[in-house]
file final_5.tsv (TSV, C-alpha atoms)
chain	number	residue	atom	x	y	z
A	1	VAL	CA	0.00	0.00	0.00
A	2	GLU	CA	2.77	2.43	0.95
A	3	ALA	CA	4.69	1.59	-2.22
A	4	GLU	CA	1.62	2.25	-4.36
A	5	ARG	CA	1.04	5.59	-2.64
A	6	ALA	CA	4.65	6.53	-3.28
A	7	ARG	CA	4.27	5.65	-6.97
A	8	VAL	CA	1.14	7.77	-7.27
A	9	GLU	CA	2.81	10.72	-5.56
A	10	LEU	CA	5.90	10.38	-7.76
A	11	THR	CA	3.69	10.39	-10.86
A	12	ARG	CA	1.92	13.52	-9.62
A	13	LEU	CA	5.23	15.27	-8.97
A	14	GLY	CA	6.53	14.16	-12.35
A	15	THR	CA	3.61	15.80	-14.11
A	16	ARG	CA	4.01	19.12	-12.30
A	17	ALA	CA	7.81	19.24	-12.37
A	18	LEU	CA	8.34	18.27	-16.01
A	19	LYS	CA	8.48	21.74	-17.55
A	20	PRO	CA	10.83	23.39	-15.02
A	21	LEU	CA	13.15	20.40	-15.15
A	22	LEU	CA	13.22	20.44	-18.95
A	23	ASP	CA	13.94	24.18	-18.81
A	24	ALA	CA	16.82	23.52	-16.41
A	25	MET	CA	18.39	21.19	-18.99
A	26	SER	CA	19.22	24.25	-21.11
A	27	ASP	CA	21.10	25.86	-18.23
A	28	ASN	CA	24.77	26.60	-18.94
A	29	ASP	CA	25.72	25.09	-15.60
A	30	THR	CA	26.66	21.45	-16.24
A	31	GLY	CA	26.02	20.58	-12.59
A	32	GLN	CA	22.48	21.96	-12.82
A	33	GLN	CA	21.89	20.03	-16.02
A	34	ARG	CA	23.01	16.76	-14.46
A	35	VAL	CA	20.80	17.22	-11.39
A	36	SER	CA	17.80	17.89	-13.63
A	37	LEU	CA	18.54	14.84	-15.75
A	38	GLU	CA	18.85	12.57	-12.73
A	39	ILE	CA	15.53	13.77	-11.31
A	40	LEU	CA	13.78	13.32	-14.67
A	41	GLY	CA	14.88	9.70	-14.73
A	42	TYR	CA	13.42	9.06	-11.29
A	43	LEU	CA	10.11	10.83	-11.92
A	44	GLY	CA	9.12	8.38	-14.64
A	45	ASN	CA	7.32	10.82	-16.92
A	46	ARG	CA	7.64	9.44	-20.46
A	47	ASN	CA	6.77	12.85	-21.91
A	48	ALA	CA	10.39	13.72	-21.16
A	49	THR	CA	11.81	10.92	-23.30
A	50	SER	CA	12.14	12.85	-26.56
A	51	ALA	CA	13.85	15.84	-24.94
A	52	LEU	CA	16.25	13.58	-23.06
A	53	LEU	CA	17.18	11.70	-26.21
A	54	THR	CA	17.76	14.97	-28.03
A	55	VAL	CA	20.40	15.83	-25.43
A	56	ALA	CA	21.92	12.33	-25.66
A	57	GLU	CA	22.16	12.62	-29.45
A	58	ASN	CA	23.84	16.03	-29.38
A	59	GLY	CA	27.55	15.58	-30.04
A	60	GLY	CA	28.20	19.17	-28.98
A	61	VAL	CA	27.13	18.50	-25.39
A	62	ALA	CA	29.56	17.30	-22.71
A	63	GLY	CA	29.91	13.53	-22.66
A	64	THR	CA	28.83	13.24	-19.02
A	65	VAL	CA	25.64	15.18	-19.72
A	66	ARG	CA	24.85	13.04	-22.78
A	67	ARG	CA	25.29	9.88	-20.71
A	68	ASP	CA	23.10	11.20	-17.89
A	69	ALA	CA	20.41	12.15	-20.41
A	70	LEU	CA	20.48	8.71	-22.01
A	71	ARG	CA	20.45	6.97	-18.64
A	72	ALA	CA	17.33	8.95	-17.68
A	73	ALA	CA	15.66	8.26	-21.04
A	74	ALA	CA	16.49	4.54	-20.87
A	75	ALA	CA	14.99	4.30	-17.38
A	76	LEU	CA	11.64	5.50	-18.75
A	77	ALA	CA	11.25	2.33	-20.88
A	78	ASP	CA	9.34	4.21	-23.57
A	79	ALA	CA	8.60	2.00	-26.60
A	80	ARG	CA	8.34	5.10	-28.80
A	81	ALA	CA	12.07	5.68	-28.28
A	82	LEU	CA	13.15	2.34	-29.74
A	83	PRO	CA	14.40	3.58	-33.16
A	84	ARG	CA	16.44	6.35	-31.56
A	85	LEU	CA	17.88	3.98	-28.96
A	86	VAL	CA	18.90	1.60	-31.74
A	87	ALA	CA	20.76	4.43	-33.48
A	88	LEU	CA	22.54	5.28	-30.22
A	89	THR	CA	23.88	1.71	-29.90
A	90	ARG	CA	26.19	2.60	-32.81
A	91	GLN	CA	27.83	5.51	-30.98
A	92	ASN	CA	31.61	5.58	-30.69
A	93	ASP	CA	31.19	6.29	-26.98
A	94	PRO	CA	30.95	2.76	-25.47
A	95	THR	CA	29.00	4.01	-22.44
A	96	LEU	CA	26.33	5.55	-24.65
A	97	ALA	CA	26.08	2.31	-26.63
A	98	LEU	CA	25.71	0.30	-23.40
A	99	LEU	CA	23.06	2.63	-21.98
A	100	ALA	CA	21.11	2.57	-25.24
A	101	THR	CA	21.14	-1.24	-25.23
A	102	TRP	CA	19.97	-1.25	-21.61
A	103	GLY	CA	17.16	1.09	-22.61
A	104	ILE	CA	16.10	-1.27	-25.41
A	105	ALA	CA	16.01	-4.16	-22.92
A	106	ARG	CA	13.77	-2.19	-20.55
A	107	VAL	CA	11.09	-1.71	-23.21
A	108	ARG	CA	10.24	-5.44	-23.09
A	109	SER	CA	8.28	-5.70	-26.34
A	110	PRO	CA	8.55	-8.13	-29.27
A	111	GLU	CA	10.29	-5.36	-31.22
A	112	SER	CA	12.83	-4.73	-28.45
A	113	VAL	CA	13.58	-8.45	-28.14
A	114	ALA	CA	14.16	-8.69	-31.90
A	115	THR	CA	16.47	-5.67	-31.66
A	116	LEU	CA	18.46	-7.21	-28.80
A	117	VAL	CA	18.92	-10.38	-30.85
A	118	ARG	CA	20.26	-8.32	-33.76
A	119	VAL	CA	22.70	-6.48	-31.47
A	120	LEU	CA	23.77	-9.76	-29.87
A	121	GLU	CA	24.66	-11.25	-33.25
A	122	SER	CA	26.05	-8.13	-34.92
A	123	ARG	CA	29.79	-7.82	-35.48
A	124	GLU	CA	29.52	-4.05	-35.75
A	125	HIS	CA	28.90	-3.80	-32.00
A	126	PRO	CA	31.70	-4.27	-29.44
A	127	ALA	CA	31.63	-7.17	-27.01
A	128	ASP	CA	30.43	-5.05	-24.07
A	129	THR	CA	27.37	-3.86	-25.99
A	130	ARG	CA	26.61	-7.40	-27.11
A	131	ALA	CA	27.01	-8.56	-23.52
A	132	MET	CA	24.39	-6.02	-22.45
A	133	ALA	CA	22.09	-7.34	-25.19
A	134	ALA	CA	22.54	-10.85	-23.79
A	135	LEU	CA	21.71	-9.67	-20.28
A	136	GLY	CA	18.69	-7.87	-21.70
A	137	LEU	CA	17.42	-11.24	-22.95
A	138	THR	CA	17.54	-12.71	-19.44
A	139	GLY	CA	14.11	-14.05	-18.63
A	140	VAL	CA	12.83	-13.65	-22.22
A	141	ARG	CA	11.07	-16.93	-22.95
A	142	THR	CA	10.94	-16.99	-26.73
A	143	PRO	CA	12.44	-19.56	-29.12
A	144	VAL	CA	14.15	-16.77	-31.07
A	145	ALA	CA	15.94	-15.43	-27.97
A	146	ARG	CA	16.98	-18.91	-26.87
A	147	ALA	CA	18.32	-19.85	-30.31
A	148	ALA	CA	20.32	-16.61	-30.57
A	149	LEU	CA	21.85	-17.09	-27.12
A	150	LEU	CA	22.79	-20.70	-27.92
A	151	ARG	CA	24.40	-19.64	-31.20
A	152	ALA	CA	26.37	-16.95	-29.36
A	153	LEU	CA	27.55	-19.41	-26.72
A	154	ASP	CA	28.48	-22.16	-29.16
A	155	GLY	CA	30.34	-19.67	-31.34
A	156	ALA	CA	32.46	-18.40	-28.47
A	157	VAL	CA	32.95	-21.26	-26.06
A	158	GLY	CA	35.78	-22.90	-28.04
A	159	ALA	CA	38.00	-19.93	-27.30
A	160	PHE	CA	38.10	-20.95	-23.65
A	161	GLN	CA	38.76	-24.65	-24.04
A	162	PRO	CA	42.23	-26.17	-23.59
A	163	GLY	CA	43.77	-27.16	-26.90
A	164	SER	CA	41.52	-25.02	-29.07
A	165	GLN	CA	42.85	-25.47	-32.60
A	166	ASP	CA	42.42	-21.97	-33.98
A	167	VAL	CA	43.29	-19.88	-30.91
A	168	ARG	CA	46.86	-19.29	-29.81
A	169	PRO	CA	47.66	-19.17	-26.06
A	170	GLY	CA	46.55	-15.88	-24.55
A	171	GLU	CA	44.16	-15.08	-27.42
A	172	VAL	CA	40.41	-15.36	-27.84
A	173	ARG	CA	38.15	-15.23	-30.86
A	174	PRO	CA	36.36	-11.94	-31.58
A	175	SER	CA	33.20	-13.39	-30.02
A	176	GLY	CA	35.03	-15.00	-27.12
A	177	GLU	CA	35.47	-12.10	-24.74
A	178	PRO	CA	35.00	-13.38	-21.18
A	179	VAL	CA	32.32	-10.92	-20.03
A	180	PHE	CA	30.31	-11.48	-23.22
A	181	VAL	CA	30.36	-15.26	-22.75
A	182	ALA	CA	29.50	-14.87	-19.05
A	183	SER	CA	26.50	-12.69	-19.94
A	184	VAL	CA	25.23	-15.23	-22.47
A	185	VAL	CA	25.60	-18.04	-19.92
A	186	TRP	CA	23.74	-16.03	-17.29
A	187	ALA	CA	20.86	-15.32	-19.68
A	188	LEU	CA	20.63	-18.99	-20.64
A	189	GLY	CA	20.83	-20.03	-16.99
A	190	SER	CA	17.67	-18.03	-16.30
A	191	TRP	CA	15.75	-20.58	-18.39
A	192	GLY	CA	16.39	-23.25	-15.76
A	193	ASP	CA	16.78	-25.76	-18.60
A	194	VAL	CA	18.48	-28.95	-17.44
A	195	SER	CA	19.53	-29.84	-20.99
A	196	LEU	CA	21.95	-26.87	-20.90
A	197	ALA	CA	23.96	-28.35	-18.00
A	198	PRO	CA	26.62	-29.97	-20.27
A	199	ARG	CA	27.24	-26.62	-21.98
A	200	PHE	CA	27.66	-24.89	-18.64
A	201	ARG	CA	29.90	-27.66	-17.30
A	202	SER	CA	32.18	-27.30	-20.34
A	203	LEU	CA	33.15	-23.85	-19.05
A	204	MET	CA	34.29	-25.04	-15.63
A	205	THR	CA	37.94	-24.76	-16.73
A	206	ALA	CA	37.52	-21.37	-18.40
A	207	THR	CA	38.77	-17.97	-17.26
A	208	PHE	CA	37.08	-16.31	-14.28
A	209	TRP	CA	33.94	-14.68	-15.72
A	210	PRO	CA	32.75	-17.57	-17.93
A	211	HIS	CA	33.66	-20.01	-15.14
A	212	ALA	CA	31.83	-18.04	-12.45
A	213	SER	CA	28.78	-17.52	-14.64
A	214	ALA	CA	28.68	-21.22	-15.48
A	215	VAL	CA	28.81	-22.03	-11.76
A	216	ALA	CA	25.96	-19.59	-11.08
A	217	ALA	CA	23.94	-21.00	-13.99
A	218	LEU	CA	24.31	-24.55	-12.68
A	219	GLY	CA	22.81	-23.31	-9.43
A	220	MET	CA	19.67	-22.37	-11.39
A	221	LEU	CA	19.05	-25.96	-12.54
A	222	PRO	CA	17.32	-27.75	-9.66
A	223	GLY	CA	16.39	-30.65	-11.93
A	224	ALA	CA	19.90	-31.29	-13.24
A	225	PRO	CA	21.69	-34.62	-12.56
A	226	ARG	CA	22.32	-33.95	-8.92
A	227	ALA	CA	25.54	-35.87	-8.35
A	228	GLU	CA	27.29	-34.32	-11.35
A	229	VAL	CA	26.21	-30.74	-10.65
A	230	LEU	CA	26.88	-30.97	-6.93
A	231	GLY	CA	30.32	-32.35	-7.69
A	232	ASP	CA	31.08	-29.48	-10.07
A	233	LEU	CA	29.87	-26.84	-7.64
A	234	ALA	CA	31.74	-28.39	-4.72
A	235	GLY	CA	34.87	-28.57	-6.88
A	236	ALA	CA	34.54	-24.88	-7.72
A	237	MET	CA	33.95	-23.96	-4.09
A	238	PHE	CA	37.13	-25.71	-2.95
A	239	SER	CA	39.26	-25.19	-6.05
A	240	PRO	CA	42.88	-24.17	-5.37
A	241	ALA	CA	43.95	-20.64	-6.18
A	242	ARG	CA	45.31	-20.03	-9.67
A	243	PRO	CA	48.47	-17.88	-9.73
A	244	SER	CA	46.87	-15.47	-12.24
A	245	ALA	CA	43.44	-15.34	-10.61
A	246	GLY	CA	44.22	-13.11	-7.63
A	247	SER	CA	41.11	-12.32	-5.59
A	248	GLY	CA	39.01	-13.95	-8.34
A	249	THR	CA	39.49	-17.36	-6.71
A	250	LEU	CA	37.81	-16.21	-3.50
A	251	ALA	CA	34.98	-14.64	-5.50
A	252	LEU	CA	34.52	-17.91	-7.40
A	253	HIS	CA	34.33	-19.81	-4.12
A	254	ARG	CA	31.56	-17.47	-2.96
A	255	VAL	CA	29.61	-17.82	-6.22
A	256	ALA	CA	29.84	-21.61	-5.94
A	257	ALA	CA	28.71	-21.60	-2.31
A	258	ARG	CA	25.68	-19.46	-3.13
A	259	ALA	CA	24.90	-21.62	-6.17
A	260	LEU	CA	24.84	-24.67	-3.89
A	261	VAL	CA	22.47	-22.88	-1.53
A	262	ARG	CA	20.24	-21.88	-4.44
A	263	LEU	CA	20.25	-25.42	-5.79
A	264	ALA	CA	18.99	-26.55	-2.40
A	265	GLY	CA	16.09	-24.13	-2.78
A	266	GLN	CA	17.20	-21.79	-0.03
A	267	GLY	CA	18.90	-18.97	-1.88
A	268	ASP	CA	18.55	-16.51	-4.72
A	269	ASP	CA	21.18	-14.80	-6.87
A	270	PRO	CA	24.55	-16.63	-6.66
A	271	PHE	CA	26.34	-13.41	-7.65
A	272	ALA	CA	24.82	-11.39	-4.80
A	273	ARG	CA	27.44	-9.59	-2.71
A	274	VAL	CA	30.35	-11.34	-4.48
call {"tool": "encode", "arguments": {"input": "final_5.tsv", "output": "structure tokens"}}
result
Amino acid sequence: VEAERARVELTRLGTRALKPLLDAMSDNDTGQQRVSLEILGYLGNRNATSALLTVAENGGVAGTVRRDALRAAAALADARALPRLVALTRQNDPTLALLATWGIARVRSPESVATLVRVLESREHPADTRAMAALGLTGVRTPVARAALLRALDGAVGAFQPGSQDVRPGEVRPSGEPVFVASVVWALGSWGDVSLAPRFRSLMTATFWPHASAVAALGMLPGAPRAEVLGDLAGAMFSPARPSAGSGTLALHRVAARALVRLAGQGDDPFARV
């Protein structure tokens, strides 16, 4: 009840405050602009979307202001903004591209899902933007999203396997960046599909992010072959430190411990507070 009242009050404030906040965006004081942009994002008034995107698209505006404007616009989850958000994913500024992709994911429409799939599979986008597209598909239960995520995983996973034929030591394929692969694994893990367990287990010897994400994903499969999965998670939890891993080994142990708790039905996000 209290939360609903707060939402109603925020909507009321957003309606009344829209014009003065939009006016403040034209202030010469960058600090004033950024405060206005932050408030507009919180107020949730989609009538501000177009003005916010206009600021984000303006190459003559300070980069920090453009990013704040896009962050506020993305938070509004306005389906009308989809074409402009798509254009912003092609920005040279990687933060703008990431924020635009996050904004597309927040729209949650068939069109936005199709757009995320295109970004995921496009070579014109950097790995970080494609990773955000993968995360945006988390929880999307469509055959198209699943097939795209599986293609992305199968196309990248070989880069992390010992003895890969076409990857020299220390190198990865263009699609094999660790955070990208980890994001794909996380999105697939959200399906809770037991048939994906072998794919996740194949990453248990990978570098930290794919390995940790695979461990977390296994914790989302309560129907998986219990002995095998429990053995993998226990092995990850007690794995010896790798000389190059640094504090990553301890983080991996924590992810594995929380995945075991989740598998037992008593926990939630294995990455929480890692």
call {"tool": "residues_around", "arguments": {"input": "final_5.tsv", "residues": "Gly59 (chain A)", "least_positions_apart": "6", "cutoff": "12 Å", "atoms": "only C-alpha atoms", "output": "VMD selection string"}}
result
chain A and resid 53 65 to 67 88 91 to 93 96
call {"tool": "residues_near_point", "arguments": {"input": "final_5.tsv", "point": "(29.6, -19.5, -9.9)", "cutoff": "8 Å", "atoms": "all atoms listed in the file", "output": "mmCIF file with C-alpha atoms, in the frame of the given file"}}
result
data_model
loop_
_atom_site.group_PDB
_atom_site.id
_atom_site.type_symbol
_atom_site.label_atom_id
_atom_site.label_comp_id
_atom_site.auth_asym_id
_atom_site.auth_seq_id
_atom_site.Cartn_x
_atom_site.Cartn_y
_atom_site.Cartn_z
ATOM 1 C CA HIS A 211 33.660 -20.010 -15.140
ATOM 2 C CA ALA A 212 31.830 -18.040 -12.450
ATOM 3 C CA SER A 213 28.780 -17.520 -14.640
ATOM 4 C CA ALA A 214 28.680 -21.220 -15.480
ATOM 5 C CA VAL A 215 28.810 -22.030 -11.760
ATOM 6 C CA ALA A 216 25.960 -19.590 -11.080
ATOM 7 C CA ALA A 217 23.940 -21.000 -13.990
ATOM 8 C CA LEU A 218 24.310 -24.550 -12.680
ATOM 9 C CA GLY A 219 22.810 -23.310 -9.430
ATOM 10 C CA LEU A 233 29.870 -26.840 -7.640
ATOM 11 C CA ALA A 236 34.540 -24.880 -7.720
ATOM 12 C CA LEU A 252 34.520 -17.910 -7.400
ATOM 13 C CA HIS A 253 34.330 -19.810 -4.120
ATOM 14 C CA ARG A 254 31.560 -17.470 -2.960
ATOM 15 C CA VAL A 255 29.610 -17.820 -6.220
ATOM 16 C CA ALA A 256 29.840 -21.610 -5.940
ATOM 17 C CA ALA A 257 28.710 -21.600 -2.310
ATOM 18 C CA ARG A 258 25.680 -19.460 -3.130
ATOM 19 C CA ALA A 259 24.900 -21.620 -6.170
ATOM 20 C CA PRO A 270 24.550 -16.630 -6.660
ATOM 21 C CA PHE A 271 26.340 -13.410 -7.650
#
call {"tool": "residues_around", "arguments": {"input": "final_5.tsv", "residues": "Arg108 (chain A)", "least_positions_apart": "4", "cutoff": "9 Å", "atoms": "all atoms listed in the file", "output": "PDB file with C-alpha atoms, in the coordinates of the input"}}
result
ATOM      1  CA  ALA A  77      11.250   2.330 -20.880  1.00  0.00           C
ATOM      2  CA  ALA A  79       8.600   2.000 -26.600  1.00  0.00           C
ATOM      3  CA  ILE A 104      16.100  -1.270 -25.410  1.00  0.00           C
ATOM      4  CA  SER A 112      12.830  -4.730 -28.450  1.00  0.00           C
ATOM      5  CA  VAL A 113      13.580  -8.450 -28.140  1.00  0.00           C
ATOM      6  CA  GLY A 136      18.690  -7.870 -21.700  1.00  0.00           C
ATOM      7  CA  VAL A 140      12.830 -13.650 -22.220  1.00  0.00           C
TER       8      VAL A 140
END
call {"tool": "closest_residue", "arguments": {"input": "final_5.tsv", "among": "A:Ala234, A:Ala73, A:Val61, A:Ala81", "to": "Thr30 (chain A)", "atoms": "only C-alpha atoms"}}
result
A:Val61
call {"tool": "atom_distance", "arguments": {"input": "final_5.tsv", "atom1": "CA of Phe200 (chain A)", "atom2": "CA of His125 (chain A)"}}
result
25.0 Å
call {"tool": "closest_residue", "arguments": {"input": "final_5.tsv", "among": "A:Ala48, A:Val179, A:Met220, A:Leu116", "to": "Val144 (chain A)", "atoms": "all atoms listed in the file"}}
result
A:Leu116
call {"tool": "atom_distance", "arguments": {"input": "final_5.tsv", "atom1": "CA of Pro126 (chain A)", "atom2": "CA of Leu37 (chain A)"}}
result
26.9 Å
call {"tool": "atom_distance", "arguments": {"input": "final_5.tsv", "atom1": "CA of Thr205 (chain A)", "atom2": "CA of Ala187 (chain A)"}}
result
19.7 Å
call {"tool": "residues_around", "arguments": {"input": "final_5.tsv", "residues": "Pro198 (chain A)", "least_positions_apart": "6", "cutoff": "12 Å", "atoms": "only C-alpha atoms", "output": "VMD selection string"}}
result
chain A and resid 154 185 189 204 214 to 215 217 to 218 221 224 to 225 228 to 229 232
call {"tool": "closest_residue", "arguments": {"input": "final_5.tsv", "among": "A:Thr101, A:Thr49, A:Gln33, A:Thr142", "to": "Arg80 (chain A)", "atoms": "all atoms listed in the file"}}
result
A:Thr49
call {"tool": "closest_residue", "arguments": {"input": "final_5.tsv", "among": "A:Leu40, A:Val184, A:Ala75, A:Ala87", "to": "Glu121 (chain A)", "atoms": "all atoms listed in the file"}}
result
A:Val184
